[in-house]
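J.: I am attaching a structure below and will ask some questions about it afterwards.
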Amino acid sequence: MRKIALFAVLTLLVTPAAPARAADPLEDTVATALRAKLTLESDREIRVSVLRGTAATGALGSAVLPGGTGYPEGWLFLLRDGRTVFEGDPGFADLAQGMTILSAVERRVFGQARPTPTGAAPPARFPAKSGSDYRTALRLPYAVGQSWSYTGGPHPMSGSARSSIDLAGGDGRVLAAGGGLAYRMCDSQRGWLRVVHDRGLATDYYHLAGDLPANGAQLAEGDYVGDIGMDVSCGGSSSGAHVHFSLRRDGAYTPIDHYVFGKWVIRAQGSDYDGYAMHGSTRANVGNRLNNYGALALNQGLVDTDGGTALNRRAGPGTTQPVVGTVADGETVTIACSATGTEHAGRGGYRSTLWDKLTDGTWVSDVYVWTGTGEPVAGTC
Ligand SMILES: [Zn+2]
């Protein structure tokens, strides 16, 4: 480690403008594999950081396509027996299983990074439920109860997927949106953290200031990952301290539109950086603040009556059943099971006959409960 640091300092002193890397066989192997994967020119710069292991034992690291003025893209890689696989590659999950340099937790979590077949594009309607699963069980990346500025709506990290939003304000302390494994992506070991969660999801935090968690650290939801900052170690630009918060699914940046964080449904609109967010029927535009309500669990829903009126709770799955209470727009409900009942239309004309039985025994139409999917989230009754 010391040798690497010394080398980095010397490199910086000798060639500050265009740092050249010494040839390292393992790094070369990985860079060559990434160039082949992306069909890049042979002189395209790739920054490889070996985080653990050797060519002999197998290795884990990050490979980054630096962004220059644009944003970078980065992948975790595994190298074993001369074979290099990247997050999102079909062989990533399988290769991880036999690697002794990985912890048991890493083998389990990496084993979930098996790409799911690419489905149809998400429907344009809101809540775009049927056939999609936008559940995350993640919060916004700061303390629950704080309200931060939503300074940028969905925009790319790299590529074309509007995977990211910008957030700033509060106490400036960026916290893990959910539990997972932490990895420093940039060769500077600063600025850019990836947290690999369950269910094939990962979140990126960029422009961070301060020391990042150690590579492979197991984070709990809400663990501190750094302060908002202006780090551009691997590319991009920052005009003020903020966190660039990105969503990845199955090893690639994925459009963040429709996904829920901190009980806000993130929405893209128009051009990059436009957009808004919905908490029930409450809308926050870019420039407004987002109160972090905490994670919406996988078996929970947000009441969204498409207008803000209260939602009737009934004794059974249909409007012929007696009203036994109400629940306010924006409230969280926990679902015990679901069944078919009368058909209704919710926000955006979304129609469904699904009704949800709540944990208090009352029933609500699923079209007025944003769960992130049109399917039952806790099984059928
Ligand atoms: Zn950004």
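Ordered as shown in the structure tokens, chains take letters A, B, and onward, while each chain numbers its residues from 1 and ligands are numbered from 1 in the order shown.
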Show me which residues are within 10 Å of ligand 1 counting only C-alpha atoms and all ligand atoms, and format the list as a list of chain:residue names.
T.: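 Checked against 10 Å with only C-alpha atoms and all ligand atoms; the hits are A:Tyr71, A:Thr151, A:Gly152, A:Gly153, A:Pro154, A:His155, A:Pro156, A:Met157, A:Arg162, A:Ser163, A:Ser164, A:Ile165, A:Asp166, A:Leu167, A:Tyr205, A:Tyr206, A:His207, A:Gly236, A:Ser237, A:Ser238, A:His242, A:Val243, A:His244, A:Phe245, A:Ser246, A:Asp272, A:Tyr273.
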J.: Could you list, as a PyMOL selection string, every residue within 7 Å of stretch 141-149 of chain A, counting only C-alpha atoms and ignoring same-chain residues fewer than 5 positions away?
T.: chain A and resi 167-170+173-177+222+287-294
J.: Can you tell me which residues surround stretch 295-302 of chain A at a distance of at most 7 Å, considering only C-alpha atoms, apart from same-chain residues fewer than 3 positions away, and format the answer as a ChimeraX atom specification?
T.: /A:135,137-139,261-263,280,330-335,369-371,377-378
J.: Just C-alpha atoms for this one: save the residues we selected as a JSON list (two decimals), in the first residue's frame.
T.:
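Printed below is result-v1.json as written:
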[["chain", "number", "residue", "atom", "x", "y", "z"],
["A", 135, "ARG", "CA", -39.59, -1.31, -4.98],
["A", 137, "ALA", "CA", -36.72, -0.56, 0.44],
["A", 138, "LEU", "CA", -34.21, 2.33, 0.40],
["A", 139, "ARG", "CA", -34.32, 5.76, 2.01],
["A", 261, "PHE", "CA", -36.54, 6.48, -1.93],
["A", 262, "GLY", "CA", -37.45, 7.87, 1.47],
["A", 263, "LYS", "CA", -41.13, 7.43, 0.52],
["A", 280, "GLY", "CA", -48.75, 10.40, -2.07],
["A", 330, "GLY", "CA", -49.29, 10.14, 2.02],
["A", 331, "GLU", "CA", -49.60, 7.73, 4.94],
["A", 332, "THR", "CA", -47.79, 4.40, 4.94],
["A", 333, "VAL", "CA", -49.78, 1.18, 5.09],
["A", 334, "THR", "CA", -48.45, -2.31, 5.68],
["A", 335, "ILE", "CA", -49.99, -5.03, 3.56],
["A", 369, "VAL", "CA", -51.63, 2.48, -2.69],
["A", 370, "TRP", "CA", -48.23, 3.02, -4.33],
["A", 371, "THR", "CA", -46.11, -0.03, -3.62],
["A", 377, "VAL", "CA", -46.42, -7.61, -2.28],
["A", 378, "ALA", "CA", -47.22, -10.01, 0.55]]
J.: So the first atom is atom CA of A:Arg108 and the second is atom CA of A:Ala96; what is the distance between them in Å, to one decimal place?
T.: 8.6 Å
J.: List the neighbours of stretch 317-326 of chain A out to 6 Å using only C-alpha atoms; skip same-chain residues closer than 4 positions along the sequence, and give me the result as a ChimeraX atom specification.
T.: /A:311-313,341-342,355,363
J.: From stretch 276-338 of chain A, collect each residue whose DSSP state is strand (DSSP E) and return the set as a VMD selection string.
T.: chain A and resid 276 to 279 282 to 285 289 to 291 300 to 303 311 to 314 323 to 327 332 to 338
J.: Limited to N, CA and C atoms, could you put the picked residues into a file as an mmCIF file, in the first residue's frame?
T.:
data_model
loop_
_atom_site.group_PDB
_atom_site.id
_atom_site.type_symbol
_atom_site.label_atom_id
_atom_site.label_comp_id
_atom_site.auth_asym_id
_atom_site.auth_seq_id
_atom_site.Cartn_x
_atom_site.Cartn_y
_atom_site.Cartn_z
ATOM 1 N N TYR A 276 -39.498 15.672 -10.933
ATOM 2 C CA TYR A 276 -40.143 15.980 -9.669
ATOM 3 C C TYR A 276 -40.163 14.712 -8.834
ATOM 4 N N ALA A 277 -40.860 14.762 -7.702
ATOM 5 C CA ALA A 277 -41.015 13.577 -6.863
ATOM 6 C C ALA A 277 -42.385 13.651 -6.219
ATOM 7 N N MET A 278 -42.969 12.489 -5.956
ATOM 8 C CA MET A 278 -44.313 12.431 -5.371
ATOM 9 C C MET A 278 -44.271 11.665 -4.048
ATOM 10 N N HIS A 279 -44.945 12.243 -3.041
ATOM 11 C CA HIS A 279 -45.165 11.559 -1.769
ATOM 12 C C HIS A 279 -46.678 11.518 -1.592
ATOM 13 N N THR A 282 -48.668 14.642 -2.787
ATOM 14 C CA THR A 282 -47.818 15.827 -2.602
ATOM 15 C C THR A 282 -46.673 15.787 -3.602
ATOM 16 N N ARG A 283 -46.541 16.875 -4.366
ATOM 17 C CA ARG A 283 -45.513 16.928 -5.410
ATOM 18 C C ARG A 283 -44.406 17.883 -4.996
ATOM 19 N N ALA A 284 -43.163 17.476 -5.201
ATOM 20 C CA ALA A 284 -42.007 18.353 -4.997
ATOM 21 C C ALA A 284 -41.267 18.458 -6.322
ATOM 22 N N ASN A 285 -41.107 19.680 -6.802
ATOM 23 C CA ASN A 285 -40.360 19.907 -8.038
ATOM 24 C C ASN A 285 -38.886 20.068 -7.730
ATOM 25 N N ARG A 289 -37.757 20.975 -1.475
ATOM 26 C CA ARG A 289 -37.098 20.091 -0.513
ATOM 27 C C ARG A 289 -37.809 18.751 -0.422
ATOM 28 N N LEU A 290 -37.020 17.743 -0.132
ATOM 29 C CA LEU A 290 -37.557 16.394 0.072
ATOM 30 C C LEU A 290 -37.306 15.998 1.521
ATOM 31 N N ASN A 291 -38.405 15.909 2.287
ATOM 32 C CA ASN A 291 -38.254 15.375 3.638
ATOM 33 C C ASN A 291 -38.024 13.877 3.527
ATOM 34 N N GLN A 300 -44.912 -2.659 2.074
ATOM 35 C CA GLN A 300 -45.653 -1.451 2.422
ATOM 36 C C GLN A 300 -46.048 -0.681 1.170
ATOM 37 N N GLY A 301 -47.002 0.229 1.361
ATOM 38 C CA GLY A 301 -47.424 1.111 0.280
ATOM 39 C C GLY A 301 -47.656 2.507 0.808
ATOM 40 N N LEU A 302 -47.597 3.472 -0.120
ATOM 41 C CA LEU A 302 -47.883 4.876 0.196
ATOM 42 C C LEU A 302 -49.278 5.178 -0.333
ATOM 43 N N VAL A 303 -50.115 5.719 0.522
ATOM 44 C CA VAL A 303 -51.464 6.053 0.066
ATOM 45 C C VAL A 303 -51.390 7.236 -0.891
ATOM 46 N N LEU A 311 -58.449 7.965 2.052
ATOM 47 C CA LEU A 311 -58.829 6.703 1.429
ATOM 48 C C LEU A 311 -59.678 5.895 2.410
ATOM 49 N N ASN A 312 -60.830 5.401 1.894
ATOM 50 C CA ASN A 312 -61.681 4.554 2.740
ATOM 51 C C ASN A 312 -61.030 3.204 2.974
ATOM 52 N N ARG A 313 -61.094 2.772 4.204
ATOM 53 C CA ARG A 313 -60.722 1.392 4.529
ATOM 54 C C ARG A 313 -62.019 0.607 4.685
ATOM 55 N N ARG A 314 -62.068 -0.559 4.081
ATOM 56 C CA ARG A 314 -63.313 -1.319 4.068
ATOM 57 C C ARG A 314 -63.148 -2.683 4.746
ATOM 58 N N VAL A 323 -67.587 0.692 5.001
ATOM 59 C CA VAL A 323 -66.426 1.516 5.347
ATOM 60 C C VAL A 323 -66.173 1.376 6.842
ATOM 61 N N VAL A 324 -64.950 1.054 7.194
ATOM 62 C CA VAL A 324 -64.632 0.865 8.617
ATOM 63 C C VAL A 324 -63.586 1.868 9.098
ATOM 64 N N GLY A 325 -63.215 2.822 8.241
ATOM 65 C CA GLY A 325 -62.249 3.841 8.657
ATOM 66 C C GLY A 325 -61.652 4.502 7.433
ATOM 67 N N THR A 326 -60.692 5.371 7.662
ATOM 68 C CA THR A 326 -59.999 6.035 6.554
ATOM 69 C C THR A 326 -58.507 6.062 6.855
ATOM 70 N N VAL A 327 -57.733 6.310 5.807
ATOM 71 C CA VAL A 327 -56.298 6.524 5.986
ATOM 72 C C VAL A 327 -55.913 7.696 5.084
ATOM 73 N N THR A 332 -48.343 5.711 5.276
ATOM 74 C CA THR A 332 -47.787 4.397 4.943
ATOM 75 C C THR A 332 -48.719 3.317 5.470
ATOM 76 N N VAL A 333 -49.013 2.334 4.627
ATOM 77 C CA VAL A 333 -49.782 1.182 5.093
ATOM 78 C C VAL A 333 -48.929 -0.077 4.905
ATOM 79 N N THR A 334 -49.153 -1.036 5.775
ATOM 80 C CA THR A 334 -48.446 -2.313 5.677
ATOM 81 C C THR A 334 -49.438 -3.380 5.258
ATOM 82 N N ILE A 335 -49.066 -4.113 4.218
ATOM 83 C CA ILE A 335 -49.990 -5.035 3.558
ATOM 84 C C ILE A 335 -49.739 -6.455 4.065
ATOM 85 N N ALA A 336 -50.853 -7.127 4.456
ATOM 86 C CA ALA A 336 -50.744 -8.512 4.941
ATOM 87 C C ALA A 336 -50.878 -9.499 3.794
ATOM 88 N N CYS A 337 -51.799 -9.201 2.854
ATOM 89 C CA CYS A 337 -52.016 -10.059 1.685
ATOM 90 C C CYS A 337 -52.957 -9.315 0.743
ATOM 91 N N SER A 338 -53.165 -9.850 -0.446
ATOM 92 C CA SER A 338 -53.990 -9.164 -1.448
ATOM 93 C C SER A 338 -54.962 -10.145 -2.083
#
J.: Which residue out of A:His197, A:Arg267, A:Arg351, A:His344 has the minimum interatomic distance to A:Val109 when only C-alpha atoms are used?
T.: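 Smallest distance to A:Val109 is found for A:His197.
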J.: Output as a list in words all residues of stretch 39-279 of chain A that backbone DSSP marks as helix (DSSP H, G or I).
T.: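 Helix (DSSP H, G or I) assignments inside stretch 39-279 of chain A correspond to Phe92, Ala93, Asp94, Leu95, Ala96, Gln97, Ala104, Val105, Glu106, Arg107, Arg108, Val109 and Phe110 of chain A.
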J.: Go ahead and save the picked residues with C-alpha atoms, as a PDB file, in the first residue's frame.
T.:
ATOM      1  CA  PHE A  92     -20.194 -12.452 -12.473  1.00  0.00           C
ATOM      2  CA  ALA A  93     -22.464 -14.192  -9.981  1.00  0.00           C
ATOM      3  CA  ASP A  94     -21.123 -17.640 -10.774  1.00  0.00           C
ATOM      4  CA  LEU A  95     -17.464 -16.646 -10.651  1.00  0.00           C
ATOM      5  CA  ALA A  96     -17.985 -15.039  -7.238  1.00  0.00           C
ATOM      6  CA  GLN A  97     -19.230 -18.287  -5.716  1.00  0.00           C
ATOM      7  CA  ALA A 104     -19.404 -15.145   2.665  1.00  0.00           C
ATOM      8  CA  VAL A 105     -21.536 -11.993   2.545  1.00  0.00           C
ATOM      9  CA  GLU A 106     -19.865 -10.849  -0.670  1.00  0.00           C
ATOM     10  CA  ARG A 107     -20.426 -14.229  -2.283  1.00  0.00           C
ATOM     11  CA  ARG A 108     -24.105 -14.087  -1.327  1.00  0.00           C
ATOM     12  CA  VAL A 109     -24.688 -10.490  -2.450  1.00  0.00           C
ATOM     13  CA  PHE A 110     -22.629 -10.789  -5.641  1.00  0.00           C
TER      14      PHE A 110
END
J.: Using only C-alpha atoms, which of A:Arg347, A:Arg47, A:Lys357, A:Arg249 sits nearest A:Gln189?
T.: A:Arg47
J.: Between A:Ile266, A:Leu219, A:Val196, A:Leu65, which one has atoms that come closest to A:Gly372, using only C-alpha atoms?
T.: A:Ile266
J.: Counting only C-alpha atoms, figure out which residue out of A:Glu27, A:Asp204, A:Asp356, A:Glu41 gets nearest to A:Ala55.
T.: A:Glu27
